[in-house]
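K.L.:
Next comes input-v6.txt, compact mmCIF, C-alpha atoms and all ligand atoms:
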```
# COMPACT_ATOMS: atom_id res chain seq x y z
CA MET A 60 -0.26 6.03 -23.29
CA ILE A 61 -3.37 8.01 -22.37
CA PHE A 62 -4.01 9.22 -18.85
CA MET A 63 -7.11 10.83 -17.47
CA ARG A 64 -6.83 14.41 -16.34
CA TYR A 65 -6.46 14.71 -12.65
CA SER A 66 -5.41 18.30 -12.19
CA ASP A 67 -9.05 19.44 -12.27
CA PHE A 68 -9.43 17.76 -8.96
CA GLU A 69 -6.22 19.01 -7.44
CA GLU A 70 -7.80 21.98 -5.69
CA ASP A 71 -10.44 19.74 -4.09
CA PHE A 72 -7.86 17.29 -2.92
CA HIS A 73 -5.36 19.55 -1.27
CA SER A 74 -7.17 20.74 1.78
CA LYS A 75 -6.20 24.17 2.94
CA ASP A 76 -4.61 22.69 6.04
CA ARG A 77 -2.32 20.44 4.11
CA LYS A 78 -1.30 23.26 1.80
CA GLN A 79 -0.61 25.44 4.79
CA GLY A 80 1.29 22.58 6.44
CA ARG A 81 3.52 22.23 3.42
CA LYS A 82 4.08 25.97 3.28
CA ASP A 83 5.03 26.07 6.94
CA ARG A 84 7.41 23.17 6.51
CA LYS A 85 9.01 24.84 3.53
CA LEU A 86 9.45 28.10 5.42
CA ALA A 87 10.97 26.22 8.35
CA GLN A 88 13.32 24.40 6.01
CA LEU A 89 14.41 27.62 4.36
CA GLY A 90 15.38 28.85 7.81
CA ASP A 91 17.52 25.79 8.40
CA ARG A 92 19.56 25.18 5.29
CA SER A 93 21.62 22.50 7.02
CA LYS A 94 18.68 20.11 6.61
CA PHE A 95 19.02 20.13 2.84
CA LYS A 96 21.01 17.48 1.17
CA LYS A 97 23.36 18.76 -1.48
CA THR A 98 20.92 17.90 -4.24
CA ASP A 99 18.05 19.68 -2.53
CA LEU A 100 20.13 22.78 -2.23
CA THR A 101 21.18 22.59 -5.85
CA ALA A 102 17.56 22.11 -6.84
CA LYS A 103 16.38 25.05 -4.72
CA VAL A 104 18.97 27.29 -6.27
CA ALA A 105 18.11 25.98 -9.73
CA GLU A 106 14.44 26.64 -9.06
CA ILE A 107 15.04 30.25 -8.03
CA LEU A 108 17.35 30.89 -10.96
CA ASP A 109 15.30 28.98 -13.47
CA PRO A 110 11.72 30.17 -13.88
CA HIS A 111 11.12 27.43 -16.46
CA LEU A 112 10.90 24.71 -13.79
CA LYS A 113 7.39 23.29 -13.38
CA ARG A 114 5.70 21.46 -10.52
CA GLY A 115 3.89 18.22 -11.26
CA ARG A 116 2.87 14.85 -9.86
CA VAL A 117 4.11 11.43 -10.89
CA ILE A 118 1.13 9.46 -12.20
CA ALA A 119 2.94 6.37 -13.51
CA ILE A 120 6.43 4.97 -13.98
CA THR A 121 7.06 2.72 -16.98
CA GLY A 122 10.07 1.45 -18.87
CA GLU A 123 9.95 4.63 -20.94
CA GLY A 124 10.32 6.92 -17.94
CA SER A 125 8.25 8.79 -15.36
CA TRP A 126 4.91 10.26 -16.44
CA VAL A 127 4.34 13.57 -14.72
CA ASP A 128 1.08 15.51 -14.80
CA CYS A 129 1.31 19.28 -14.71
CA GLU A 130 -1.92 21.24 -15.06
CA GLY A 131 -3.54 18.56 -17.20
CA VAL A 132 -0.56 18.04 -19.50
CA THR A 133 1.44 14.81 -19.21
CA TYR A 134 5.23 14.97 -19.53
CA LEU A 135 7.48 11.96 -19.98
CA CYS A 136 10.40 12.70 -17.69
CA SER A 137 13.79 11.27 -16.91
CA LEU A 138 15.58 11.67 -13.60
CA ARG A 139 18.44 14.10 -13.38
CA GLY A 140 21.79 12.35 -13.02
CA GLN A 141 22.59 13.92 -9.67
CA LEU A 142 19.35 12.50 -8.21
CA LYS A 143 20.10 9.01 -9.50
CA LYS A 144 23.36 8.96 -7.55
CA GLU A 145 21.37 9.08 -4.31
CA VAL A 146 20.09 5.54 -4.85
CA MET A 147 21.62 3.43 -2.09
CA ARG A 148 19.30 1.53 0.21
CA ILE A 149 16.31 2.37 -1.93
CA LYS A 150 15.23 0.53 -5.06
CA ASN A 151 13.26 3.32 -6.64
CA LEU A 152 14.01 6.92 -5.89
CA LEU A 153 10.73 8.07 -7.36
CA ALA A 154 7.23 6.62 -6.94
CA VAL A 155 3.69 7.20 -8.10
CA GLY A 156 2.22 10.07 -6.10
CA ASP A 157 5.45 12.04 -5.78
CA PHE A 158 5.32 15.79 -6.29
CA VAL A 159 8.30 16.91 -8.36
CA ARG A 160 9.98 19.94 -9.90
CA PHE A 161 10.96 19.33 -13.45
CA ASP A 162 12.61 21.10 -16.33
CA PRO A 163 10.38 20.82 -19.41
CA ALA A 164 12.24 20.18 -22.64
CA GLY A 165 10.95 19.44 -26.12
CA GLU A 166 7.45 18.21 -26.83
CA GLY A 167 5.91 16.81 -23.63
CA GLU A 168 9.25 15.80 -22.15
CA GLY A 169 11.29 16.90 -19.18
CA THR A 170 13.93 16.22 -16.55
CA ILE A 171 13.04 15.83 -12.88
CA ILE A 172 15.27 18.06 -10.78
CA GLN A 173 13.77 17.67 -7.33
CA ILE A 174 11.42 15.34 -5.45
CA GLU A 175 9.34 17.06 -2.78
CA GLU A 176 9.22 15.85 0.81
CA ARG A 177 6.58 13.10 1.22
CA TYR A 178 3.87 13.10 3.86
CA SER A 179 3.24 9.37 3.62
CA VAL A 180 4.75 6.31 1.97
CA LEU A 181 3.62 2.78 1.24
CA ALA A 182 6.79 0.74 0.98
CA ARG A 183 7.87 -2.88 1.00
CA THR A 184 11.08 -4.86 0.85
CA ASP A 185 12.14 -5.53 -2.74
CA ILE A 186 12.57 -9.01 -4.13
CA THR A 187 16.28 -9.15 -3.19
CA GLY A 188 15.37 -8.41 0.44
CA ARG A 189 18.03 -5.71 0.58
CA LYS A 190 16.32 -2.54 -0.60
CA GLU A 191 13.25 -0.51 0.17
CA GLN A 192 10.76 -0.39 -2.68
CA LEU A 193 8.29 2.48 -2.72
CA ILE A 194 4.83 1.54 -3.98
CA ALA A 195 3.09 4.92 -3.68
CA THR A 196 3.66 8.19 -1.87
CA ASN A 197 1.61 11.14 -0.59
CA ILE A 198 -1.40 8.90 -0.03
CA ASP A 199 -4.03 9.28 2.72
CA GLN A 200 -5.22 5.72 3.07
CA VAL A 201 -4.31 2.21 2.05
CA ILE A 202 -7.19 -0.01 1.00
CA ILE A 203 -6.01 -3.49 1.90
CA ILE A 204 -7.98 -5.84 -0.30
CA ALA A 205 -8.35 -9.54 0.27
CA SER A 206 -10.98 -11.84 -1.16
CA PHE A 207 -13.11 -14.60 0.17
CA VAL A 208 -11.78 -18.06 -0.94
CA ASN A 209 -10.67 -17.07 -4.46
CA PRO A 210 -7.82 -16.28 -3.65
CA PRO A 211 -8.14 -17.38 -0.02
CA LEU A 212 -7.80 -15.01 2.93
CA LYS A 213 -4.26 -14.60 4.25
CA PRO A 214 -4.29 -12.86 7.63
CA ALA A 215 -0.47 -12.65 7.77
CA LEU A 216 -0.46 -10.67 4.52
CA ILE A 217 -3.08 -8.31 5.93
CA ASP A 218 -1.01 -7.77 9.07
CA ARG A 219 2.03 -7.00 6.93
CA TYR A 220 0.08 -4.27 5.17
CA LEU A 221 -1.26 -2.96 8.46
CA ILE A 222 2.25 -2.62 9.88
CA ALA A 223 3.50 -1.00 6.66
CA ALA A 224 0.60 1.47 6.88
CA GLU A 225 1.49 2.33 10.48
CA LYS A 226 5.14 2.85 9.56
CA GLY A 227 4.28 4.90 6.47
CA ASN A 228 1.72 7.24 8.07
CA LEU A 229 -1.28 5.82 6.20
CA HIS A 230 -4.79 5.12 7.42
CA PRO A 231 -5.69 1.46 6.72
CA ILE A 232 -9.09 0.15 5.58
CA LEU A 233 -9.67 -3.59 5.18
CA ILE A 234 -11.84 -4.89 2.35
CA ILE A 235 -12.97 -8.47 1.89
CA ASN A 236 -14.23 -8.78 -1.67
CA LYS A 237 -16.12 -11.64 -3.37
CA VAL A 238 -18.49 -12.34 -0.48
CA ASP A 239 -21.00 -13.54 -3.11
CA LEU A 240 -18.98 -16.78 -2.99
CA LEU A 241 -19.91 -17.24 0.66
CA SER A 242 -23.12 -19.20 -0.01
CA ASP A 243 -21.32 -21.94 -1.99
CA ALA A 244 -18.40 -22.19 0.46
CA SER A 245 -17.68 -25.08 2.81
CA GLN A 246 -18.58 -24.85 6.51
CA GLU A 247 -14.88 -24.66 7.28
CA GLU A 248 -14.31 -21.70 4.93
CA GLN A 249 -17.35 -19.90 6.32
CA ALA A 250 -16.15 -20.42 9.90
CA ARG A 251 -12.70 -19.11 9.04
CA PHE A 252 -14.23 -16.03 7.46
CA ARG A 253 -16.40 -15.33 10.52
CA GLU A 254 -13.40 -15.77 12.79
CA PHE A 255 -11.37 -13.42 10.62
CA LEU A 256 -14.06 -10.72 10.74
CA SER A 257 -14.57 -10.95 14.48
CA VAL A 258 -10.83 -10.80 15.25
CA TYR A 259 -10.09 -7.74 13.11
CA GLU A 260 -13.30 -5.91 14.01
CA LEU A 261 -12.52 -6.36 17.68
CA LEU A 262 -9.06 -4.87 17.10
CA GLY A 263 -10.77 -1.74 15.76
CA PHE A 264 -9.75 -1.84 12.12
CA PRO A 265 -12.34 -0.51 9.67
CA ILE A 266 -13.44 -3.54 7.65
CA LEU A 267 -15.96 -3.92 4.82
CA SER A 268 -17.31 -7.05 3.14
CA LEU A 269 -18.04 -6.43 -0.55
CA SER A 270 -18.97 -7.98 -3.83
CA THR A 271 -18.68 -6.44 -7.27
CA LYS A 272 -21.01 -9.20 -8.49
CA THR A 273 -23.94 -8.34 -6.20
CA GLY A 274 -22.98 -4.71 -5.53
CA ALA A 275 -22.95 -5.31 -1.77
CA GLY A 276 -20.96 -2.65 0.07
CA ILE A 277 -19.93 -0.75 -3.08
CA GLU A 278 -21.67 2.46 -2.00
CA ALA A 279 -19.95 2.35 1.37
CA LEU A 280 -16.56 1.95 -0.31
CA HIS A 281 -17.37 4.79 -2.71
CA SER A 282 -18.02 7.18 0.15
CA LEU A 283 -14.75 6.20 1.83
CA LEU A 284 -12.78 7.00 -1.33
CA VAL A 285 -14.27 10.27 -2.57
CA GLY A 286 -12.12 13.28 -1.74
CA LYS A 287 -9.22 11.15 -0.47
CA THR A 288 -6.11 9.73 -2.06
CA SER A 289 -6.05 5.96 -1.66
CA VAL A 290 -3.85 3.12 -2.77
CA PHE A 291 -5.51 -0.22 -3.61
CA SER A 292 -3.28 -3.09 -2.54
CA GLY A 293 -3.46 -6.84 -2.34
CA GLN A 294 -2.77 -10.07 -4.18
CA SER A 295 -3.48 -10.49 -7.86
CA GLY A 296 -7.10 -11.48 -8.50
CA VAL A 297 -8.70 -10.10 -5.33
CA GLY A 298 -10.60 -7.61 -7.49
CA LYS A 299 -8.78 -4.29 -7.02
CA SER A 300 -9.45 -3.02 -10.54
CA SER A 301 -12.99 -4.51 -10.55
CA LEU A 302 -13.82 -2.62 -7.35
CA LEU A 303 -12.59 0.66 -8.80
CA ASN A 304 -14.65 0.04 -11.93
CA SER A 305 -17.77 -0.72 -9.85
CA CYS A 306 -17.36 2.30 -7.59
CA PHE A 307 -16.60 4.88 -10.26
CA GLY A 308 -17.71 3.46 -13.60
CA LEU A 309 -14.10 3.23 -14.76
CA GLN A 310 -12.88 0.91 -17.51
CA LEU A 311 -9.75 -0.53 -15.92
CA LYS A 312 -8.65 -3.86 -17.35
CA THR A 313 -9.61 -6.85 -15.22
CA GLY A 314 -8.46 -10.41 -15.74
CA PRO A 315 -9.53 -14.00 -15.26
CA MET A 316 -8.60 -16.23 -12.33
CA ASP A 317 -6.32 -19.21 -12.75
CA GLN A 318 -8.82 -21.99 -11.99
CA LYS A 319 -6.19 -24.46 -10.82
CA THR A 320 -4.37 -22.21 -8.36
CA ALA A 321 -7.24 -19.81 -7.41
CA LYS A 322 -4.81 -16.98 -8.05
CA GLY A 323 -5.11 -13.92 -10.27
CA THR A 324 -3.28 -13.60 -13.54
CA HIS A 325 -1.43 -10.31 -12.91
CA THR A 326 -3.63 -8.20 -15.13
CA THR A 327 -2.66 -4.73 -13.86
CA THR A 328 1.03 -4.32 -14.62
CA THR A 329 1.79 -0.70 -13.68
CA ALA A 330 0.73 1.36 -10.66
CA ARG A 331 -1.23 4.39 -11.84
CA LEU A 332 -2.63 7.41 -10.08
CA ILE A 333 -6.21 7.78 -11.27
CA PRO A 334 -8.40 10.85 -10.72
CA LEU A 335 -11.77 9.92 -9.24
CA PRO A 336 -15.06 11.41 -10.41
CA GLY A 337 -16.27 13.53 -7.50
CA GLY A 338 -12.75 14.30 -6.26
CA GLY A 339 -9.78 12.45 -4.91
CA TYR A 340 -7.41 9.95 -6.46
CA CYS A 341 -6.73 6.30 -6.34
CA VAL A 342 -3.62 4.30 -7.15
CA ASP A 343 -4.49 0.93 -8.69
CA THR A 344 -1.50 -1.34 -8.19
CA PRO A 345 -0.40 -4.65 -9.71
CA GLY A 346 -1.12 -7.64 -7.46
CA ILE A 347 1.82 -8.59 -5.28
CA ARG A 348 3.29 -12.07 -4.84
CA SER A 349 4.71 -11.39 -1.42
CA PHE A 350 4.91 -8.42 0.89
CA GLY A 351 7.91 -8.03 3.16
CA VAL A 352 7.69 -5.06 5.53
CA TRP A 353 10.73 -2.87 5.00
CA SER A 354 13.01 -2.52 8.01
CA LEU A 355 10.68 -4.59 10.20
CA GLN A 356 11.71 -4.48 13.86
CA LYS A 357 10.61 -6.80 16.66
CA GLU A 358 9.12 -3.71 18.35
CA ASP A 359 6.95 -3.04 15.28
CA VAL A 360 5.51 -6.55 15.54
CA LEU A 361 4.90 -6.32 19.29
CA ALA A 362 3.27 -2.89 18.91
CA HIS A 363 0.96 -4.16 16.19
CA PHE A 364 -0.24 -7.31 17.96
CA THR A 365 -1.90 -5.53 20.86
CA ASP A 366 -4.15 -8.53 21.58
CA ILE A 367 -1.09 -10.76 22.06
CA ALA A 368 0.63 -8.07 24.13
CA ALA A 369 -2.40 -8.01 26.45
CA PHE A 370 -1.88 -11.70 27.37
CA ALA A 371 1.90 -11.29 27.49
CA THR A 372 1.82 -9.37 30.75
CA ASP A 373 1.17 -12.72 32.52
CA CYS A 374 4.09 -14.59 30.93
CA ARG A 375 6.78 -15.85 33.33
CA TYR A 376 9.61 -14.10 31.44
CA LYS A 377 9.49 -10.43 30.63
CA ASP A 378 11.19 -10.99 27.29
CA CYS A 379 9.05 -14.03 26.40
CA ALA A 380 8.66 -14.39 22.62
CA HIS A 381 5.59 -16.64 23.18
CA ARG A 382 7.00 -19.54 21.22
CA LYS A 383 8.17 -22.41 23.43
CA GLU A 384 8.98 -20.63 26.69
CA PRO A 385 7.65 -22.17 29.93
CA ASP A 386 4.61 -20.55 31.59
CA CYS A 387 3.77 -18.52 28.53
CA ALA A 388 0.39 -16.85 28.95
CA VAL A 389 0.00 -16.40 25.18
CA GLN A 390 0.41 -20.14 24.57
CA LYS A 391 -2.04 -20.79 27.39
CA ALA A 392 -4.59 -18.40 25.84
CA LEU A 393 -4.16 -20.18 22.53
CA GLU A 394 -4.69 -23.63 24.10
CA GLU A 395 -7.77 -22.45 25.97
CA GLY A 396 -9.26 -20.88 22.85
CA ASN A 397 -9.03 -17.31 24.13
CA LEU A 398 -6.66 -16.29 21.33
CA SER A 399 -7.38 -16.97 17.68
CA GLN A 400 -5.03 -19.44 15.99
CA LEU A 401 -4.97 -17.31 12.84
CA ARG A 402 -3.82 -14.35 14.87
CA TYR A 403 -1.03 -16.35 16.49
CA GLU A 404 0.14 -17.75 13.14
CA SER A 405 0.31 -14.25 11.74
CA TYR A 406 2.27 -13.03 14.77
CA SER A 407 4.74 -15.92 14.48
CA SER A 408 5.39 -15.33 10.80
CA LEU A 409 6.02 -11.61 11.33
CA LEU A 410 8.21 -12.19 14.37
CA ASP A 411 10.32 -14.62 12.32
CA GLU A 412 10.74 -12.00 9.65
CA ALA A 413 11.68 -9.30 12.17
CA THR A 414 14.20 -11.36 14.07
CA GLY A 415 15.57 -13.28 11.10
CA GLY A 416 14.57 -16.54 12.85
CA ILE A 417 14.04 -18.23 9.51
CA ASP A 418 15.50 -17.16 6.23
CA ASN A 419 12.53 -15.41 4.71
CA ARG A 420 14.41 -14.40 1.62
CA THR A 421 14.97 -18.02 0.72
CA LYS A 422 11.47 -18.93 1.80
CA ARG A 423 9.99 -16.20 -0.36
CA LYS A 424 11.91 -17.34 -3.40
CA GLN A 425 10.66 -20.89 -3.01
CA GLU A 426 7.12 -19.92 -2.09
CA PRO A 427 6.30 -16.75 -3.98
CA GLU A 428 2.90 -16.12 -2.38
CA THR A 429 3.04 -14.76 1.19
N1 LIG B 501 -17.09 -13.86 -7.64
C1 LIG B 501 -16.56 -12.65 -7.72
N2 LIG B 501 -15.58 -12.40 -8.61
C2 LIG B 501 -15.05 -11.15 -8.65
C3 LIG B 501 -15.48 -10.11 -7.78
N3 LIG B 501 -14.75 -9.01 -8.06
C4 LIG B 501 -13.91 -9.34 -9.05
N4 LIG B 501 -14.07 -10.62 -9.41
C5 LIG B 501 -13.36 -11.35 -10.45
O1 LIG B 501 -12.01 -11.56 -10.03
C6 LIG B 501 -11.14 -11.57 -11.16
C7 LIG B 501 -9.93 -10.65 -10.93
O2 LIG B 501 -10.39 -9.32 -10.84
P1 LIG B 501 -9.41 -8.06 -11.06
O3 LIG B 501 -10.21 -6.84 -10.78
O4 LIG B 501 -8.72 -8.16 -12.37
O5 LIG B 501 -8.35 -8.32 -9.90
P2 LIG B 501 -7.08 -7.42 -9.49
O6 LIG B 501 -6.97 -7.46 -8.01
O7 LIG B 501 -7.15 -6.08 -10.12
O8 LIG B 501 -5.89 -8.29 -10.10
P3 LIG B 501 -4.43 -7.82 -10.65
O9 LIG B 501 -4.62 -6.65 -11.54
O10 LIG B 501 -3.91 -9.03 -11.36
O11 LIG B 501 -3.62 -7.49 -9.42
C8 LIG B 501 -12.00 -11.16 -12.36
O12 LIG B 501 -12.32 -12.33 -13.07
C9 LIG B 501 -13.23 -10.55 -11.73
O13 LIG B 501 -14.38 -10.72 -12.54
C10 LIG B 501 -16.54 -10.41 -6.87
O14 LIG B 501 -17.00 -9.59 -6.07
N5 LIG B 501 -17.02 -11.70 -6.88
MG MG B 502 -5.93 -5.07 -11.44
ZN ZN B 503 4.81 -15.65 26.41
```
Please express the file's structure as C-alpha cells.
P.N.:
Amino acid sequence: MIFMRYSDFEEDFHSKDRKQGRKDRKLAQLGDRSKFKKTDLTAKVAEILDPHLKRGRVIAITGEGSWVDCEGVTYLCSLRGQLKKEVMRIKNLLAVGDFVRFDPAGEGEGTIIQIEERYSVLARTDITGRKEQLIATNIDQVIIIASFVNPPLKPALIDRYLIAAEKGNLHPILIINKVDLLSDASQEEQARFREFLSVYELLGFPILSLSTKTGAGIEALHSLLVGKTSVFSGQSGVGKSSLLNSCFGLQLKTGPMDQKTAKGTHTTTTARLIPLPGGGYCVDTPGIRSFGVWSLQKEDVLAHFTDIAAFATDCRYKDCAHRKEPDCAVQKALEEGNLSQLRYESYSSLLDEATGGIDNRTKRKQEPET
C-alpha cells in the first residue's frame, strides 16, 4: 500500500494558534492528573520513561491494521491491548486523522500506546444502531457532497450531516456536484434544485454548485480546501473522488454509476487522509448508504431547524411537535407555502429518529439509502 507523503505539509497545517492551544491544554491536563483515564496515565508514564515512542497521524485503517505516518515514514500499527479494552459504546477506538503515540518495532511496524485528545470528530451511528462510529477526527471542515439527479438530492441526508458537523465541532460546506446534468433535467427536477438552493442559502450555509465535467466551481472549491483539513462525505457516486482529482490533479480511483438505480458503485473502500498540493489535507471517504446521527436528541433537531423554530413561536402548544397538533403555526406555514415541503420532510424524519417515533433501525435495514 503506497501513501503520499503528508508530513511535508504538517508545519503549514498546524497554525501556531492550534499548536499553542494544544500545548496549553496539555499543560493544564498535567496540572490536573485526575482527568486522565488509567490508560492515559499509563501512556504518559510510558512516554516519559520510553524515549523510543514516536508521534504520528493515522492516515488509513485497513484489515491489516492502522497506517500511521511519522515524518514521512508509514508504520503499520496495532492497538495496544489496554486501549482495546476501552471499547464500549464506540465501534472504532481509532479513526483516520487521529494523532497517536506509538512504539515502533521491527521494520515499519509499531504499537499504538496513546490516542491524543481530538479537537473535532465526524461521527455517525453504526449499522447496528448501538455504537458510535468515528469517520474522521481532527478535521476543520466537512464537505457535504450531494449531486444533481444522479444520485438525486436528499435534503434529509444533508441535514443529518449538518447536525453531525455541529455536534462534532466541524465547519460545514455544501457542494452540489454534476450541475452539467441540469440542462437535460425535467422541469420538476430543476424546480426542486432551485428550491433546495434557495432554502439552504437563506439559512446561511455556504453552498457551491459544481461540475467536474465542465469545471464549473472547481477553482472556488480548490481555494476553500487549500491549507485546511477537510473530510469529503456523501453517498456513493456523488463524485467525491472525482472532485478531489479535478481540484488537485490527483489520481484517485473513480467508478461508474449503476444506470438502473442512479447510485454509485462504492468505488472508494477505505477512508484515507491525503496531503494536498499547496498545503492542507483531505479525507476521501467511501460513500455511505445511510447516515444516522449519533446520540441525536430532540433538542439537536430543534436547534438545527431554525426556520421551523421561527414559526413555532405561534403554535398553540409550547411543546408542539408540529405534526398533527391543533393550531400549529408550522403546519399553517406549510399549507400557505411559506415553509418549504422539503424542509418539513427533513425535519420530520430527523425528529422521528431523535424521539424513536418510528423504528429507524428496522427502516434502515429495509431501505439502505437514507
Ligand atoms: N455528469 C457528471 N458526472 C460526474 C461528475 N463528477 C463525477 N461524475 C461521475 O460520477 C461517477 C462517480 O464518481 P466518483 O468520483 O467515483 O464518486 P464517489 O463519490 O467518489 O463514489 P464512491 O467512491 O463510490 O463513494 C463517475 O462515473 C464520474 O465520472 C460531474 O460533475 N458530472
Ligand atoms: Mg470515491
Ligand atoms: Zn406546531
K.L.:
Which residues are near ligand ZN 503 (chain B) - at most 6 Å, using only C-alpha atoms and all ligand atoms? Format: as a ChimeraX atom specification.
P.N.:
/A:371,374,379-381,387-389
K.L.:
Which chain A residues have any atom within 10 Å of an atom of ligand MG 502 (chain B), and for each, what is the nearest pair of atoms with distance in Å to one decimal, counting all atoms listed in the file, rows sorted by chain and number, as CSV?
P.N.:
```
residue,atom,partner,partner_atom,distance
A:Phe291,CA,B:MG502,MG,9.2
A:Ser292,CA,B:MG502,MG,9.5
A:Gly293,CA,B:MG502,MG,9.6
A:Gln294,CA,B:MG502,MG,9.4
A:Ser295,CA,B:MG502,MG,6.9
A:Gly296,CA,B:MG502,MG,7.1
A:Val297,CA,B:MG502,MG,8.4
A:Gly298,CA,B:MG502,MG,6.6
A:Lys299,CA,B:MG502,MG,5.3
A:Ser300,CA,B:MG502,MG,4.2
A:Ser301,CA,B:MG502,MG,7.1
A:Leu302,CA,B:MG502,MG,9.2
A:Leu303,CA,B:MG502,MG,9.2
A:Leu311,CA,B:MG502,MG,7.4
A:Lys312,CA,B:MG502,MG,6.6
A:Thr313,CA,B:MG502,MG,5.6
A:Gly314,CA,B:MG502,MG,7.3
A:Gly323,CA,B:MG502,MG,9.0
A:Thr324,CA,B:MG502,MG,9.2
A:His325,CA,B:MG502,MG,7.1
A:Thr326,CA,B:MG502,MG,5.4
A:Thr327,CA,B:MG502,MG,4.1
A:Thr328,CA,B:MG502,MG,7.7
A:Thr329,CA,B:MG502,MG,9.1
A:Ala330,CA,B:MG502,MG,9.3
A:Asp343,CA,B:MG502,MG,6.8
A:Thr344,CA,B:MG502,MG,6.6
A:Pro345,CA,B:MG502,MG,5.8
A:Gly346,CA,B:MG502,MG,6.8
```
K.L.:
Restricting the calculation to all atoms listed in the file, which member of A:Tyr178, A:Phe307, A:Trp353, A:Phe370 is positioned closest to Cys341 (chain A)?
P.N.:
A:Phe307
K.L.:
Nearest residue to ligand LIG 501 (chain B) out of A:Lys319, A:Lys383, A:Lys237, A:Lys377, using all atoms listed in the file?
P.N.:
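For ligand LIG 501 (chain B), the nearest of the given residues is A:Lys237.
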K.L.:
Leaving out His230 (chain A) and any residue of its chain fewer than 2 positions from it, which residues lie within 10 Å of it when counting all atoms listed in the file, given as a VMD selection string?
P.N.:
chain A and resid 179 198 to 202 221 224 to 225 227 to 228 232 264 to 265 289
K.L.:
Can you sort out the box for region 122-138 of chain A, edges along x, y and z, all listed atoms in, 5 Å on every side, with centre and edge lengths in Å to one decimal, as JSON?
P.N.:
```
{"center_x": 6.0, "center_y": 11.3, "center_z": -17.3, "size_x": 29.1, "size_y": 29.8, "size_z": 17.3}
```
